[in-house]
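Step one of this worksheet: look at the structure below.
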Amino acid sequence: MLFYRAALPLSRQTLTFTAGLIRRHRALIGSLWRKLNTGQQALLVLVHLRKGEPFAQVAAGFGVGTTTAWRYVTETVALLAARAPRLRQAVRAATKAGLPFVVLDGTLARTDRVAADRPFFSGKHHCHGMNLQVLAGSAGQLLWVSGALPGSVHDMKAAWIRGIERELADGGLPALADKGYQGAAHARTPYRGKRKPPSQKEANRAHAKLRAPGERANAQLKAWKILTRLRCCPWRAGQIAKAILVLQAHETKAG
């Protein structure tokens, strides 16, 4: 196997934050010695999540076994995901911050095929994956990411399962969404139909313009290449996405 030097497009503050979580966790469980120190473990995890490198490759780069790399990543992702805000907390924080509205959108975390793959196949995207629901602020900032559902689940059904509309309504927070949420009681969606009057066409253009920055939040998630194709258990997609949400929040602050 060949080795090379590479740069990771993340801030040192994010590395320090992740290493701090690991350090406190090690002290809590009494793990006094490991082959990699907390900073190296944090860097290994960030490389895996940001660049999407398989465990075998990232393990070789850090001089540890594949199983050790898997254990480090699993442990750290759980620590990060535990700090992700719950839906109600995210809605309350957005209301307190005075956001005029939020953008509700779904994204697909692609996965490898699995033995019982039918529920994971998305007819919309024509590939296997897991459905993630995302709430973003009006300026495109990530606010909340849901747990994972099979890719065959429609966005509107996923929003209903997660109780998103109920929380938005209880919080009095307006929401914009695309046509995949047609029929939603609280989220405002574009007008449908081919022969729309000029007033509806203009309303759709304004709707798309307001929604566009929020939809770029999905691009922030997918910048972490691990979500472009998961090679692990599909049901871990939600926990990984929540961990990335926490890391991306620190990246935004550092920027």
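Every chain in the structure tokens has a letter given in the order shown (A, B, ...), and although residue numbers restart at 1 in each chain, ligands are simply numbered from 1 in the order shown.
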Exercise for the section: Name all residues at most 6 Å from range 98-107 of chain A (count only C-alpha atoms; drop same-chain ones fewer than 6 positions away) and give them as a list in words. Expected result: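 Answer for this query is Leu132, Gln133, Val134, Leu135, Ala136, Gly137, Ser138, Pro174, Ala175, Leu176, Ala177 and Gly214 of chain A.
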Please produce an output containing all heavy atoms for each residue in the selection, written as an mmCIF file, in the first residue's frame.
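Listing of selection.cif after writing:
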```cif
data_model
loop_
_atom_site.group_PDB
_atom_site.id
_atom_site.type_symbol
_atom_site.label_atom_id
_atom_site.label_comp_id
_atom_site.auth_asym_id
_atom_site.auth_seq_id
_atom_site.Cartn_x
_atom_site.Cartn_y
_atom_site.Cartn_z
ATOM 1 N N LEU A 132 -33.263 11.085 4.847
ATOM 2 C CA LEU A 132 -32.972 11.981 5.967
ATOM 3 C C LEU A 132 -33.751 13.275 5.771
ATOM 4 O O LEU A 132 -33.731 13.851 4.688
ATOM 5 C CB LEU A 132 -31.478 12.295 6.041
ATOM 6 C CG LEU A 132 -30.516 11.132 6.236
ATOM 7 C CD1 LEU A 132 -29.080 11.605 6.082
ATOM 8 C CD2 LEU A 132 -30.720 10.479 7.600
ATOM 9 N N GLN A 133 -34.417 13.727 6.805
ATOM 10 C CA GLN A 133 -35.127 14.997 6.771
ATOM 11 C C GLN A 133 -34.257 16.083 7.396
ATOM 12 O O GLN A 133 -33.640 15.860 8.445
ATOM 13 C CB GLN A 133 -36.456 14.891 7.513
ATOM 14 C CG GLN A 133 -37.432 13.915 6.887
ATOM 15 C CD GLN A 133 -37.859 14.354 5.495
ATOM 16 O OE1 GLN A 133 -38.436 15.428 5.316
ATOM 17 N NE2 GLN A 133 -37.566 13.537 4.500
ATOM 18 N N VAL A 134 -34.212 17.239 6.737
ATOM 19 C CA VAL A 134 -33.315 18.310 7.156
ATOM 20 C C VAL A 134 -34.096 19.604 7.329
ATOM 21 O O VAL A 134 -34.901 19.974 6.464
ATOM 22 C CB VAL A 134 -32.191 18.518 6.116
ATOM 23 C CG1 VAL A 134 -31.261 19.644 6.548
ATOM 24 C CG2 VAL A 134 -31.408 17.228 5.901
ATOM 25 N N LEU A 135 -33.852 20.285 8.432
ATOM 26 C CA LEU A 135 -34.376 21.637 8.641
ATOM 27 C C LEU A 135 -33.216 22.611 8.551
ATOM 28 O O LEU A 135 -32.175 22.413 9.182
ATOM 29 C CB LEU A 135 -35.039 21.773 10.016
ATOM 30 C CG LEU A 135 -36.495 21.325 10.178
ATOM 31 C CD1 LEU A 135 -36.959 21.624 11.590
ATOM 32 C CD2 LEU A 135 -37.402 21.978 9.162
ATOM 33 N N ALA A 136 -33.395 23.655 7.743
ATOM 34 C CA ALA A 136 -32.356 24.670 7.569
ATOM 35 C C ALA A 136 -32.956 26.044 7.792
ATOM 36 O O ALA A 136 -34.158 26.267 7.593
ATOM 37 C CB ALA A 136 -31.749 24.578 6.171
ATOM 38 N N GLY A 137 -32.103 26.971 8.193
ATOM 39 C CA GLY A 137 -32.538 28.339 8.385
ATOM 40 C C GLY A 137 -32.669 29.069 7.059
ATOM 41 O O GLY A 137 -32.266 28.565 6.003
ATOM 42 N N SER A 138 -33.201 30.264 7.099
ATOM 43 C CA SER A 138 -33.434 31.040 5.886
ATOM 44 C C SER A 138 -32.144 31.436 5.184
ATOM 45 O O SER A 138 -32.143 31.752 3.998
ATOM 46 C CB SER A 138 -34.238 32.305 6.225
ATOM 47 O OG SER A 138 -33.611 33.028 7.286
ATOM 48 N N PRO A 174 -43.005 29.327 10.590
ATOM 49 C CA PRO A 174 -43.369 29.029 9.203
ATOM 50 C C PRO A 174 -42.298 28.170 8.531
ATOM 51 O O PRO A 174 -41.113 28.234 8.881
ATOM 52 C CB PRO A 174 -43.452 30.410 8.546
ATOM 53 C CG PRO A 174 -43.550 31.373 9.679
ATOM 54 C CD PRO A 174 -42.820 30.762 10.822
ATOM 55 N N ALA A 175 -42.720 27.375 7.558
ATOM 56 C CA ALA A 175 -41.787 26.498 6.847
ATOM 57 C C ALA A 175 -42.085 26.515 5.356
ATOM 58 O O ALA A 175 -43.243 26.613 4.942
ATOM 59 C CB ALA A 175 -41.884 25.071 7.380
ATOM 60 N N LEU A 176 -41.041 26.422 4.552
ATOM 61 C CA LEU A 176 -41.153 26.280 3.114
ATOM 62 C C LEU A 176 -40.635 24.905 2.726
ATOM 63 O O LEU A 176 -39.668 24.416 3.297
ATOM 64 C CB LEU A 176 -40.341 27.359 2.383
ATOM 65 C CG LEU A 176 -40.695 28.818 2.676
ATOM 66 C CD1 LEU A 176 -39.782 29.736 1.873
ATOM 67 C CD2 LEU A 176 -42.153 29.100 2.363
ATOM 68 N N ALA A 177 -41.269 24.288 1.737
ATOM 69 C CA ALA A 177 -40.860 22.956 1.300
ATOM 70 C C ALA A 177 -41.124 22.805 -0.192
ATOM 71 O O ALA A 177 -41.868 23.598 -0.783
ATOM 72 C CB ALA A 177 -41.610 21.877 2.084
ATOM 73 N N GLY A 214 -31.827 27.699 1.827
ATOM 74 C CA GLY A 214 -32.042 26.618 2.775
ATOM 75 C C GLY A 214 -31.723 25.262 2.193
ATOM 76 O O GLY A 214 -31.199 24.379 2.878
#
```
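The list of residues with at least one atom within 9 Å of Gly147 in chain A, based on only C-alpha atoms and without residues fewer than 4 positions apart in the same chain, reads Asn131, Leu132, Gln133, Arg162, Trp235, Arg236, Ala237, Gly238, Gln239, Ala241 and Lys242 of chain A.
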Those residues you just picked out, can you put them in a file as a PDB file, in the first residue's frame with C-alpha atoms?
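This is the output file out25.pdb:
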```pdb
ATOM      1  CA  ASN A 131     -34.125   9.106   3.748  1.00  0.00           C
ATOM      2  CA  LEU A 132     -32.972  11.981   5.967  1.00  0.00           C
ATOM      3  CA  GLN A 133     -35.127  14.997   6.771  1.00  0.00           C
ATOM      4  CA  ARG A 162     -40.939  12.394  12.568  1.00  0.00           C
ATOM      5  CA  TRP A 235     -29.518   2.352   9.845  1.00  0.00           C
ATOM      6  CA  ARG A 236     -26.394   4.178  11.048  1.00  0.00           C
ATOM      7  CA  ALA A 237     -27.004   6.926   8.478  1.00  0.00           C
ATOM      8  CA  GLY A 238     -29.045   9.023  10.906  1.00  0.00           C
ATOM      9  CA  GLN A 239     -26.445   8.898  13.681  1.00  0.00           C
ATOM     10  CA  ALA A 241     -25.688  12.683   9.835  1.00  0.00           C
ATOM     11  CA  LYS A 242     -26.322  14.018  13.349  1.00  0.00           C
TER      12      LYS A 242
END
```
Handout entry: All residues 12 Å or closer to range 5-11 of chain A, only C-alpha atoms, same chain fewer than 2 positions away omitted, as JSON, numbers by chain
Key = {"A": [2, 3, 13, 14, 15, 16, 17, 18, 43, 44, 45, 46, 47, 48, 49, 50, 51, 52, 61, 62, 223, 224, 247, 248, 249, 250, 251, 252, 253, 254, 255]}
Practice task
Name the residues of range 67-211 of chain A that come out as alpha helix (DSSP H) in a backbone DSSP run; write them as a ChimeraX atom specification.
Solution key: /A:67-81,87-96,155-162,164-171,198-211
Exercise for the section: Please provide as a list in words all residues within 9 Å of Ser122 in chain A, with the sequence filter that same-chain residues fewer than 2 positions apart are discarded (counting only C-alpha atoms). Expected result: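 What passes the distance filter is Leu108, Arg118, Pro119, Phe120, Lys124, His125, His126, Cys127, His128, Gly129, Met130, Asn131, Pro150, Gly151, Ser152, Val153 and His154 of chain A.
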Let's have the selection written as a CSV table (one decimal), in the first residue's frame, with C-alpha atoms.
```csv
chain,number,residue,atom,x,y,z
A,108,LEU,CA,-30.9,10.6,0.4
A,118,ARG,CA,-36.2,-3.5,-1.5
A,119,PRO,CA,-37.2,-1.1,1.3
A,120,PHE,CA,-34.0,0.9,0.8
A,124,LYS,CA,-37.0,9.1,-7.0
A,125,HIS,CA,-33.3,8.8,-7.0
A,126,HIS,CA,-33.1,5.3,-8.7
A,127,CYS,CA,-30.6,4.0,-6.1
A,128,HIS,CA,-30.4,2.5,-2.6
A,129,GLY,CA,-30.2,4.8,0.3
A,130,MET,CA,-31.7,6.2,3.5
A,131,ASN,CA,-34.1,9.1,3.7
A,150,PRO,CA,-35.5,3.6,4.2
A,151,GLY,CA,-35.1,5.3,0.9
A,152,SER,CA,-38.5,4.1,-0.4
A,153,VAL,CA,-40.2,6.3,2.2
A,154,HIS,CA,-41.7,9.4,0.6
```
Problem - Exercise: Leu221 in chain A partners within 9 Å, only C-alpha atoms, chain neighbours under 4 positions left out, as a list in words - result: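 These residues fall inside the cut-off: Leu142, Ala217, Lys225, Leu227, Ala241, Ile244, Leu245 and Gln248 of chain A.
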I need the chosen residues saved as a compact mmCIF listing (two decimals), in the first residue's frame, with N, CA and C atoms.
```txt
# COMPACT_ATOMS: atom_id res chain seq x y z
N LEU A 142 -27.60 24.87 8.86
CA LEU A 142 -28.19 23.60 9.29
C LEU A 142 -28.74 23.74 10.71
N ALA A 217 -28.29 23.68 2.41
CA ALA A 217 -27.85 23.01 3.64
C ALA A 217 -27.54 21.54 3.37
N LYS A 225 -18.00 13.39 2.68
CA LYS A 225 -18.14 12.38 1.64
C LYS A 225 -18.66 11.04 2.14
N LEU A 227 -21.35 10.51 3.48
CA LEU A 227 -22.78 10.43 3.18
C LEU A 227 -23.07 10.25 1.70
N ALA A 241 -25.24 11.35 10.26
CA ALA A 241 -25.69 12.68 9.83
C ALA A 241 -25.78 13.65 11.01
N ILE A 244 -22.32 14.76 11.92
CA ILE A 244 -21.85 15.74 10.95
C ILE A 244 -22.50 17.10 11.21
N LEU A 245 -23.77 17.11 11.59
CA LEU A 245 -24.45 18.36 11.94
C LEU A 245 -23.70 19.11 13.03
N GLN A 248 -20.35 20.34 11.59
CA GLN A 248 -20.54 21.45 10.66
C GLN A 248 -20.86 22.73 11.41
```
Considering only C-alpha atoms, give me a table of residues in range 21-128 of chain A that are at most 7 Å from range 229-233 of chain A, with the closest atom pair and distance in Å for each, as a Markdown table.
```
| residue | atom | partner | partner_atom | distance |
| --- | --- | --- | --- | --- |
| A:Ala109 | CA | A:Arg229 | CA | 6.6 |
| A:Arg110 | CA | A:Arg229 | CA | 4.7 |
| A:Thr111 | CA | A:Leu230 | CA | 4.5 |
| A:Asp112 | CA | A:Arg231 | CA | 5.8 |
```
Exercise for the section: Write out as a list in words all residues of range 40-114 of chain A that backbone DSSP assigns to strand (DSSP E). Expected result: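 After running DSSP on the backbone, range 40-114 of chain A has strand (DSSP E) at Val102, Val103, Leu104, Asp105, Gly106, Thr107, Leu108, Ala109 and Arg110 of chain A.
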Fill in the blank from the handout: From the list A:Leu143, A:Met156, A:Ile226, A:Val246, the nearest residue to Ala97 in chain A using only C-alpha atoms is A:Leu143
Handout entry: Residue neighbourhood Pro85 in chain A, 9 Å, only C-alpha atoms, exclusion window fewer than 2 positions, as a PyMOL selection string
Key = chain A and resi 81-83+87-90+143-145+242+246
Handout entry: Atomic separation - CA of Thr228 in chain A relative to CA of Leu210 in chain A, Å
Key =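 Going from CA of Leu210 in chain A over to CA of Thr228 in chain A, I get 26.2 Å.
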